[in-house]
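What follows is a short report on a single structure.
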Amino acid sequence: MKQLWNDQRSILLTRAVVALAIAGSVVMTVCGPKITHWMVTAHGLPPRSGPLLLGMGYACAALALVMLCSLYQFLRRIEAGEVFVSTNVAALRCISWCCAGAAGFCLLAAGIYLPFLFLAVAAGFMALIVRVLKNAFAQAVRMKDELDYTV
């Protein structure tokens with residue numbers, strides 16, 4: 001019986017979702033002024049907070065795009081069978097720092113609109129998870145390199 005779901009299809013689905021997230025990030029970045037205006041008016045925030053929220057939104061958008069592109073390249077290498085390589089460790093490090101940066105910006109934005117605190121906590125926790133994964137990959141790369149030199 002043919003297997004319906006496998007690792008290859010899983011990676012393909014994940015890459016498709018990441019590509020959609022990249023497109024969504026670009027659309028939200030382009031619509032940033034309208035989204036910020038809506039948020040300020042819908043939630044009764046002070047009008048002067050709009051430009052500050054927009055600036056932090058653009059900073060988070062840049063981090064999101066860098067993170068998503070790094071993730072996409074990471075998935076491409078995994079798909080190609082390049083798992084425990086130094087470029088994957090670098091990609092995971094980049095993803096972790098992008099999450100940490102977004103956590104910082106969301107923490108600042110929480111001073112304007114408290115629900116951003118939840119995004120800050122989520123992004124910070126994701127940074128920690130990815131950092132642990134990066135450390136595991138780094139250890140595997142070191143072990144693989146040692147094994148390659150002994151053969």
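Each chain in the structure tokens gets a letter, A, B, ..., in the order shown, and its residues are numbered from 1; ligands are numbered from 1 in order too.
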
List as CSV every residue of region 57-82 of chain A that is in contact with region 18-26 of chain A, defined as an atom at most 8 Å from one of its atoms (using only C-alpha atoms), together with the nearest atom pair and the distance in Å rounded to one decimal, sorted by chain and then rising number.
```
residue,atom,partner,partner_atom,distance
A:Ala61,CA,A:Ser25,CA,6.6
A:Ala64,CA,A:Ser25,CA,7.4
A:Leu65,CA,A:Ile22,CA,6.3
A:Leu68,CA,A:Ile22,CA,6.4
A:Cys69,CA,A:Ile22,CA,7.6
A:Leu71,CA,A:Val18,CA,7.6
A:Tyr72,CA,A:Val18,CA,6.5
```

ask   = Taking the backbone alone, and naming residues the way the document does, which bits of region 36-149 of chain A are alpha helix (DSSP H) by DSSP, as a ChimeraX atom specification?
value = /A:36-42,49-79,86-109,116-149

For Cys94 (chain A), work out the shell of residues within 7 Å, counting only C-alpha atoms and skipping chain neighbours fewer than 4 positions away, then give it as a PDB file with all heavy atoms, in the first residue's frame.
```
ATOM      1  N   MET A  67      13.780  36.126   8.700  1.00  0.00           N
ATOM      2  CA  MET A  67      13.555  34.847   9.360  1.00  0.00           C
ATOM      3  C   MET A  67      12.905  33.840   8.419  1.00  0.00           C
ATOM      4  O   MET A  67      13.339  32.692   8.306  1.00  0.00           O
ATOM      5  CB  MET A  67      12.681  35.054  10.596  1.00  0.00           C
ATOM      6  CG  MET A  67      12.497  33.826  11.461  1.00  0.00           C
ATOM      7  SD  MET A  67      11.074  32.784  11.094  1.00  0.00           S
ATOM      8  CE  MET A  67       9.733  33.885  11.227  1.00  0.00           C
ATOM      9  N   ALA A  90      23.908  28.184  11.043  1.00  0.00           N
ATOM     10  CA  ALA A  90      23.855  29.639  10.855  1.00  0.00           C
ATOM     11  C   ALA A  90      22.418  30.098  10.615  1.00  0.00           C
ATOM     12  O   ALA A  90      21.997  31.146  11.128  1.00  0.00           O
ATOM     13  CB  ALA A  90      24.756  30.051   9.694  1.00  0.00           C
ATOM     14  N   CYS A  98      16.233  36.707  14.995  1.00  0.00           N
ATOM     15  CA  CYS A  98      15.079  37.440  14.450  1.00  0.00           C
ATOM     16  C   CYS A  98      13.892  37.351  15.406  1.00  0.00           C
ATOM     17  O   CYS A  98      13.189  38.345  15.639  1.00  0.00           O
ATOM     18  CB  CYS A  98      14.695  36.903  13.077  1.00  0.00           C
ATOM     19  SG  CYS A  98      15.838  37.371  11.765  1.00  0.00           S
TER      20      CYS A  98
END
```

request  = Could you check which of A:Val130, A:Ala109, A:Ala136, A:Ala100 is closest to Phe84 (chain A), using only C-alpha atoms?
outcome  = A:Ala136

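You can rank A:Ala140, A:Ile11, A:Cys106, A:Ile112 by their closest distance to Cys60 (chain A) using only C-alpha atoms, and at the top of that list sits A:Cys106.
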
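You will find CA of Leu52 (chain A) at 27.2 Å from CA of Ser70 (chain A).
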
All residues 12 Å or closer to Phe116 (chain A), only C-alpha atoms, same chain fewer than 2 positions away omitted, as a ChimeraX atom specification = /A:53,56-57,102-114,118-123

Only C-alpha atoms, please: the residues just picked out, written as a PDB file, in the first residue's frame.
```pdb
ATOM      1  CA  LEU A  53       3.652  51.501  15.922  1.00  0.00           C
ATOM      2  CA  MET A  56       8.066  49.026  15.015  1.00  0.00           C
ATOM      3  CA  GLY A  57       5.839  47.162  12.563  1.00  0.00           C
ATOM      4  CA  ALA A 102      10.723  40.736  17.278  1.00  0.00           C
ATOM      5  CA  ALA A 103      10.173  39.947  20.964  1.00  0.00           C
ATOM      6  CA  GLY A 104      12.006  43.140  21.874  1.00  0.00           C
ATOM      7  CA  PHE A 105       9.980  45.296  19.495  1.00  0.00           C
ATOM      8  CA  CYS A 106       6.718  43.718  20.655  1.00  0.00           C
ATOM      9  CA  LEU A 107       7.732  44.333  24.258  1.00  0.00           C
ATOM     10  CA  LEU A 108       8.203  48.022  23.414  1.00  0.00           C
ATOM     11  CA  ALA A 109       4.850  48.072  21.590  1.00  0.00           C
ATOM     12  CA  ALA A 110       3.188  46.575  24.679  1.00  0.00           C
ATOM     13  CA  GLY A 111       3.716  49.954  26.318  1.00  0.00           C
ATOM     14  CA  ILE A 112       1.279  51.351  23.749  1.00  0.00           C
ATOM     15  CA  TYR A 113      -1.100  48.411  23.407  1.00  0.00           C
ATOM     16  CA  LEU A 114      -0.901  45.679  26.066  1.00  0.00           C
ATOM     17  CA  PHE A 118       1.578  38.176  24.374  1.00  0.00           C
ATOM     18  CA  LEU A 119       3.369  38.423  21.033  1.00  0.00           C
ATOM     19  CA  ALA A 120       6.565  39.391  22.851  1.00  0.00           C
ATOM     20  CA  VAL A 121       6.346  36.347  25.123  1.00  0.00           C
ATOM     21  CA  ALA A 122       5.545  34.024  22.192  1.00  0.00           C
ATOM     22  CA  ALA A 123       8.412  35.376  20.061  1.00  0.00           C
TER      23      ALA A 123
END
```

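Take the candidates A:Glu82, A:Arg9, A:Ala127, A:Thr29 and check each one against Gly55 (chain A) using only C-alpha atoms; the shortest distance goes to A:Thr29.
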
request  = For Gln8 (chain A), list every protein, DNA or RNA residue within 10 Å, evaluated using only C-alpha atoms, and leave out those in the same chain fewer than 6 positions away; present the list as an MDAnalysis selection string.
outcome  = chainID A and resid 14 78:79

Write a file of the just-selected residues containing N, CA, C and O atoms, as a short mmCIF file (atom, residue, chain, number, x, y, z; two decimals), in the first residue's frame.
```
data_model
loop_
_atom_site.label_atom_id
_atom_site.label_comp_id
_atom_site.auth_asym_id
_atom_site.auth_seq_id
_atom_site.Cartn_x
_atom_site.Cartn_y
_atom_site.Cartn_z
N THR A 14 5.49 22.39 4.20
CA THR A 14 6.08 23.43 5.05
C THR A 14 6.68 24.55 4.20
O THR A 14 6.50 25.73 4.51
N ILE A 78 17.46 20.84 3.88
CA ILE A 78 16.98 19.59 4.48
C ILE A 78 16.44 18.68 3.38
O ILE A 78 16.73 17.48 3.34
N GLU A 79 15.66 19.26 2.47
CA GLU A 79 15.08 18.51 1.36
C GLU A 79 16.18 17.90 0.48
O GLU A 79 16.04 16.79 -0.03
#
```

request  = Write out as number ranges by chain which residues come within 8 Å of Thr36 (chain A) when counting only C-alpha atoms, dropping same-chain ones fewer than 4 positions away.
outcome  = A: 32, 40, 50, 53-54

Now that the selection is made, can you save its residues with C-alpha atoms as a JSON list (two decimals), in the first residue's frame?
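The resulting again-v8.json:
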```
[["chain", "number", "residue", "atom", "x", "y", "z"],
["A", 32, "GLY", "CA", 1.27, 48.91, 7.01],
["A", 40, "VAL", "CA", -5.16, 53.26, 16.27],
["A", 50, "GLY", "CA", 0.53, 55.55, 15.04],
["A", 53, "LEU", "CA", 3.65, 51.50, 15.92],
["A", 54, "LEU", "CA", 4.24, 51.75, 12.17]]
```
